[in-house]
Protein chains: 2
Amino acid sequence: MISLTEENYLKAIYHLSEAGKKEVLTNELAEAMHTKAASATDMIKKLAAKDYLSYEKYHGVNITQQGRTLALSVIRKHRLWETFLVQTLGFKWDEVHEVAEQLEHIQSPLLIEKLDKLLGFPKVDPHGDPIPDINGKIKSLQKVMLASLKPGATTLIVAVKDSDSQLLKYLDKIGARPGIKINVVGIEEYDGSMEVLIGEQKFFLSKEVAENILVTN
Amino acid sequence: MISLTEENYLKAIYHLSEAGKKEVLTNELAEAMHTKAASATDMIKKLAAKDYLSYEKYHGVNITQQGRTLALSVIRKHRLWETFLVQTLGFKWDEVHEVAEQLEHIQSPLLIEKLDKLLGFPKVDPHGDPIPDINGKIKSLQKVMLASLKPGATTLIVAVKDSDSQLLKYLDKIGARPGIKINVVGIEEYDGSMEVLIGEQKFFLSKEVAENILVTN
DNA sequence: ACTATTTTTTAGGCTCGTCTAAATAATATA
DNA sequence: TATATTATTTAGACGAGCCTAAAAAATAGT
């Protein structure tokens, strides 16, 4: 049996290892979990003992196949619940994250199966992130930071990196949702801010915001 | 903040005090929670310190208004989730209890509000039990054990006492669901078993089963 | 009313997940 | 390369929720 806390650590480790292709370091993990390094070390030992991680003292961890499968099943549940909250219950897409963090730990394969069916077997969640299938297969589309594009480029928003509610509210307000077309008009040299066209409207996005919007390549 | 475990104890105490109109005793509570008396004592002290219970050593506990309100909010969530599982996801009514036990602890007033709306503000759950409103008001219909009726009586099933899955499956099979009409044909003297008519069909119900079916008075 | 039995509480210990402080290993710098 | 800095681990402690065994209170039986 795996505990709720173990699931959360494993999920964080999965995300961190997807982000930077190397070992996940103790301090990174501690920061992601809002705990201290000592706590992360303890949990790493537990998860390694259960074969969810491979761990070498002082050299960080790698997630095992078993660990990845478990993390992906939690991520699958999280994203299905987010889809449910938006699609069936009418939540705004910036309101769903915290609730989904709770719902993702409900243990009932039947529930997830039926939820998936109710939602029409969605492939992506409301933030544009792909939903792993029941076997943990996940198709990650080619994603690139909006900030990396050159003036003149046109692409589609596919996802938002951060799940900070303030950011999501802002993006919602300017209509920057997954599936929406975006044009890069120009880039301000001195601060990296970006002039873009979303629909008919022109916006200036700070460098930080442009780095959090992921678009098709 | 109240923990998941505290919520579960409080719910059990609420149900026990509804059942027998007196103080809830430590051993009763321990049995209901599948723990030992010592653990129940520990938790009683914690809940009493938080003013959810009034407690006098060696003389059991009474739930306070604050405790009742909290218990009822958990019960409300449980019954709304059960309704959702059956009505929206197509669960059988004997499959929902365990999942609802998990879902009832999700913290999000907005979620419950939206769920309630999705379900059309139901008044009773799939077992016929009343759903408390958002203020903890609960209308308990007059319920009586089927076993207490005399031959010739006709009533409606309103609920099932036990939430044992075996029993629910059996009742489901013979069509004994809340809202269904039932006729008492006769009672067998020596074992108290009951001959009844459900729809067109005749069944013999053991005394135990007849004591678990609640009907209108 | 006094003893035997049952119920409840207390005492002390265990695991989980957390912490701080101290020790140790790895890395960066001079 | 020797030292200073940073990262990580270890040691020891704590609260929550659980346990067993023993003590204490309440209740039942004679």
# chains A, B, ... in the order shown; residues from 1 in each chain; ligands from 1
$ residues_around --residues "D:DA28" --least-positions-apart "2" --cutoff "12 Å" --atoms "only C-alpha atoms (C1' of nucleotides)" --output "list in words"
DC2, DT3, DA4, DT5 and DT6 of chain C; DA26 and DT30 of chain D
$ calpha_fit_rmsd --fixed "chain A" --moving "chain B"
0.1 Å
$ residues_around --residues "B:Gly128" --least-positions-apart "5" --cutoff "7 Å" --atoms "only C-alpha atoms (C1' of nucleotides)" --output "PyMOL selection string"
chain B and resi 158-159+178
$ residues_around --residues "A:Pro126" --least-positions-apart "4" --cutoff "12 Å" --atoms "only C-alpha atoms (C1' of nucleotides)" --output "ChimeraX atom specification"
/A:78-88,90-97,122,130-131,157-160,163,168,172,177-179
$ write_last_selection --atoms "N, CA and C atoms" --output "mmCIF file, in the first residue's frame"
data_model
loop_
_atom_site.group_PDB
_atom_site.id
_atom_site.type_symbol
_atom_site.label_atom_id
_atom_site.label_comp_id
_atom_site.auth_asym_id
_atom_site.auth_seq_id
_atom_site.Cartn_x
_atom_site.Cartn_y
_atom_site.Cartn_z
ATOM 1 N N HIS A 78 -5.572 13.016 -11.585
ATOM 2 C CA HIS A 78 -5.599 14.476 -11.409
ATOM 3 C C HIS A 78 -6.200 15.159 -12.636
ATOM 4 N N ARG A 79 -5.746 14.775 -13.795
ATOM 5 C CA ARG A 79 -6.175 15.478 -15.023
ATOM 6 C C ARG A 79 -7.603 15.125 -15.416
ATOM 7 N N LEU A 80 -8.003 13.898 -15.134
ATOM 8 C CA LEU A 80 -9.407 13.548 -15.391
ATOM 9 C C LEU A 80 -10.321 14.343 -14.458
ATOM 10 N N TRP A 81 -9.933 14.444 -13.197
ATOM 11 C CA TRP A 81 -10.755 15.216 -12.260
ATOM 12 C C TRP A 81 -10.806 16.686 -12.663
ATOM 13 N N GLU A 82 -9.693 17.244 -13.094
ATOM 14 C CA GLU A 82 -9.710 18.642 -13.533
ATOM 15 C C GLU A 82 -10.674 18.815 -14.702
ATOM 16 N N THR A 83 -10.633 17.876 -15.616
ATOM 17 C CA THR A 83 -11.531 17.930 -16.771
ATOM 18 C C THR A 83 -12.980 17.858 -16.311
ATOM 19 N N PHE A 84 -13.235 16.955 -15.385
ATOM 20 C CA PHE A 84 -14.587 16.828 -14.829
ATOM 21 C C PHE A 84 -15.052 18.136 -14.197
ATOM 22 N N LEU A 85 -14.175 18.730 -13.398
ATOM 23 C CA LEU A 85 -14.559 19.947 -12.675
ATOM 24 C C LEU A 85 -14.945 21.059 -13.646
ATOM 25 N N VAL A 86 -14.180 21.185 -14.722
ATOM 26 C CA VAL A 86 -14.460 22.243 -15.689
ATOM 27 C C VAL A 86 -15.648 21.868 -16.582
ATOM 28 N N GLN A 87 -15.573 20.658 -17.132
ATOM 29 C CA GLN A 87 -16.526 20.257 -18.166
ATOM 30 C C GLN A 87 -17.907 19.934 -17.601
ATOM 31 N N THR A 88 -17.940 19.233 -16.492
ATOM 32 C CA THR A 88 -19.231 18.764 -15.966
ATOM 33 C C THR A 88 -19.787 19.703 -14.900
ATOM 34 N N GLY A 90 -18.637 22.948 -14.325
ATOM 35 C CA GLY A 90 -18.581 24.370 -14.656
ATOM 36 C C GLY A 90 -17.624 25.201 -13.827
ATOM 37 N N PHE A 91 -16.580 24.575 -13.299
ATOM 38 C CA PHE A 91 -15.526 25.351 -12.645
ATOM 39 C C PHE A 91 -14.786 26.176 -13.692
ATOM 40 N N LYS A 92 -14.198 27.299 -13.256
ATOM 41 C CA LYS A 92 -13.259 28.011 -14.112
ATOM 42 C C LYS A 92 -11.931 27.245 -14.069
ATOM 43 N N TRP A 93 -11.172 27.335 -15.111
ATOM 44 C CA TRP A 93 -9.946 26.511 -15.167
ATOM 45 C C TRP A 93 -8.886 26.919 -14.165
ATOM 46 N N ASP A 94 -9.035 28.104 -13.557
ATOM 47 C CA ASP A 94 -8.073 28.488 -12.518
ATOM 48 C C ASP A 94 -8.525 28.062 -11.124
ATOM 49 N N GLU A 95 -9.702 27.434 -11.021
ATOM 50 C CA GLU A 95 -10.226 27.051 -9.709
ATOM 51 C C GLU A 95 -10.005 25.581 -9.387
ATOM 52 N N VAL A 96 -9.507 24.819 -10.364
ATOM 53 C CA VAL A 96 -9.583 23.367 -10.230
ATOM 54 C C VAL A 96 -8.381 22.707 -9.561
ATOM 55 N N HIS A 97 -7.244 23.383 -9.570
ATOM 56 C CA HIS A 97 -6.022 22.678 -9.182
ATOM 57 C C HIS A 97 -6.052 22.097 -7.768
ATOM 58 N N PRO A 122 -11.338 11.995 -22.720
ATOM 59 C CA PRO A 122 -10.568 13.172 -23.162
ATOM 60 C C PRO A 122 -9.074 12.862 -23.259
ATOM 61 N N PRO A 130 -1.589 16.613 -21.509
ATOM 62 C CA PRO A 130 -2.107 15.318 -21.953
ATOM 63 C C PRO A 130 -2.477 14.417 -20.773
ATOM 64 N N ILE A 131 -3.541 13.651 -20.935
ATOM 65 C CA ILE A 131 -3.996 12.726 -19.894
ATOM 66 C C ILE A 131 -3.439 11.343 -20.204
ATOM 67 N N ILE A 157 -1.653 27.943 -28.564
ATOM 68 C CA ILE A 157 -1.350 27.685 -27.152
ATOM 69 C C ILE A 157 -1.703 26.234 -26.858
ATOM 70 N N VAL A 158 -0.783 25.507 -26.236
ATOM 71 C CA VAL A 158 -1.139 24.133 -25.879
ATOM 72 C C VAL A 158 -1.237 23.904 -24.381
ATOM 73 N N ALA A 159 -0.551 24.719 -23.609
ATOM 74 C CA ALA A 159 -0.610 24.489 -22.170
ATOM 75 C C ALA A 159 -0.042 25.675 -21.413
ATOM 76 N N VAL A 160 -0.240 25.628 -20.109
ATOM 77 C CA VAL A 160 0.361 26.623 -19.233
ATOM 78 C C VAL A 160 1.225 25.865 -18.239
ATOM 79 N N SER A 163 0.908 26.299 -12.361
ATOM 80 C CA SER A 163 -0.522 26.230 -12.077
ATOM 81 C C SER A 163 -0.908 27.251 -11.013
ATOM 82 N N LEU A 168 -3.223 31.969 -13.888
ATOM 83 C CA LEU A 168 -4.321 31.379 -14.659
ATOM 84 C C LEU A 168 -5.479 32.362 -14.817
ATOM 85 N N ASP A 172 -6.800 33.711 -18.336
ATOM 86 C CA ASP A 172 -8.208 33.543 -18.650
ATOM 87 C C ASP A 172 -8.812 34.869 -19.098
ATOM 88 N N ARG A 177 -6.151 30.666 -23.637
ATOM 89 C CA ARG A 177 -6.461 29.293 -23.240
ATOM 90 C C ARG A 177 -5.878 28.301 -24.243
ATOM 91 N N PRO A 178 -5.674 27.055 -23.837
ATOM 92 C CA PRO A 178 -5.202 26.049 -24.783
ATOM 93 C C PRO A 178 -6.102 25.996 -26.009
ATOM 94 N N GLY A 179 -5.503 25.876 -27.171
ATOM 95 C CA GLY A 179 -6.259 25.814 -28.426
ATOM 96 C C GLY A 179 -6.400 27.166 -29.104
#
$ interface_residues --of "chain A" --to "chain C" --cutoff "9 Å" --atoms "only C-alpha atoms (C1' of nucleotides)" --output "PyMOL selection string"
chain A and resi 5+35-36+38-39+42-43+58
$ write_last_selection --atoms "N, CA and C atoms" --output "compact mmCIF listing (two decimals), in the first residue's frame"
# COMPACT_ATOMS: atom_id res chain seq x y z
N THR A 5 1.01 10.66 1.12
CA THR A 5 2.25 11.44 1.09
C THR A 5 3.26 10.85 0.10
N THR A 35 9.01 21.11 2.03
CA THR A 35 9.51 20.54 3.29
C THR A 35 11.01 20.81 3.34
N LYS A 36 11.66 20.22 4.34
CA LYS A 36 13.08 20.40 4.49
C LYS A 36 13.83 19.21 3.89
N ALA A 38 15.94 17.23 5.09
CA ALA A 38 15.98 16.03 5.92
C ALA A 38 14.73 15.16 5.70
N SER A 39 13.59 15.83 5.55
CA SER A 39 12.35 15.08 5.31
C SER A 39 12.40 14.39 3.96
N ASP A 42 14.48 11.27 4.13
CA ASP A 42 13.72 10.17 4.74
C ASP A 42 12.79 9.52 3.73
N MET A 43 12.03 10.36 3.03
CA MET A 43 11.05 9.80 2.10
C MET A 43 11.73 9.10 0.93
N TYR A 58 23.89 11.03 -1.77
CA TYR A 58 24.55 12.27 -2.18
C TYR A 58 24.48 12.53 -3.69
$ residues_around --residues "B:Pro132" --least-positions-apart "5" --cutoff "6 Å" --atoms "only C-alpha atoms (C1' of nucleotides)" --output "list of chain:residue names"
B:Arg76, B:Lys137, B:Ile138
$ write_last_selection --atoms "N, CA and C atoms" --output "PDB file, in the first residue's frame"
ATOM      1  N   ARG B  76     -23.697  15.074   4.662  1.00  0.00           N
ATOM      2  CA  ARG B  76     -24.223  15.705   3.437  1.00  0.00           C
ATOM      3  C   ARG B  76     -23.331  15.383   2.240  1.00  0.00           C
ATOM      4  N   LYS B 137     -29.603  21.149   8.221  1.00  0.00           N
ATOM      5  CA  LYS B 137     -30.998  20.743   8.502  1.00  0.00           C
ATOM      6  C   LYS B 137     -31.247  19.414   7.798  1.00  0.00           C
ATOM      7  N   ILE B 138     -31.837  18.469   8.530  1.00  0.00           N
ATOM      8  CA  ILE B 138     -32.098  17.164   7.947  1.00  0.00           C
ATOM      9  C   ILE B 138     -33.521  16.780   8.301  1.00  0.00           C
TER      10      ILE B 138
END
$ interface_residues --of "chain A" --to "chain D" --cutoff "9 Å" --atoms "only C-alpha atoms (C1' of nucleotides)" --output "compact mmCIF listing (two decimals) with C-alpha atoms, in the first residue's frame"
# COMPACT_ATOMS: atom_id res chain seq x y z
CA THR A 26 17.25 16.22 -2.53
CA ASN A 27 16.98 19.98 -2.22
CA ALA A 37 15.91 18.41 2.96
CA ALA A 38 15.98 16.03 5.92
CA THR A 41 15.93 12.25 2.46
CA LYS A 57 23.56 8.67 -1.48
CA TYR A 58 24.55 12.27 -2.18
CA HIS A 59 23.74 11.85 -5.88
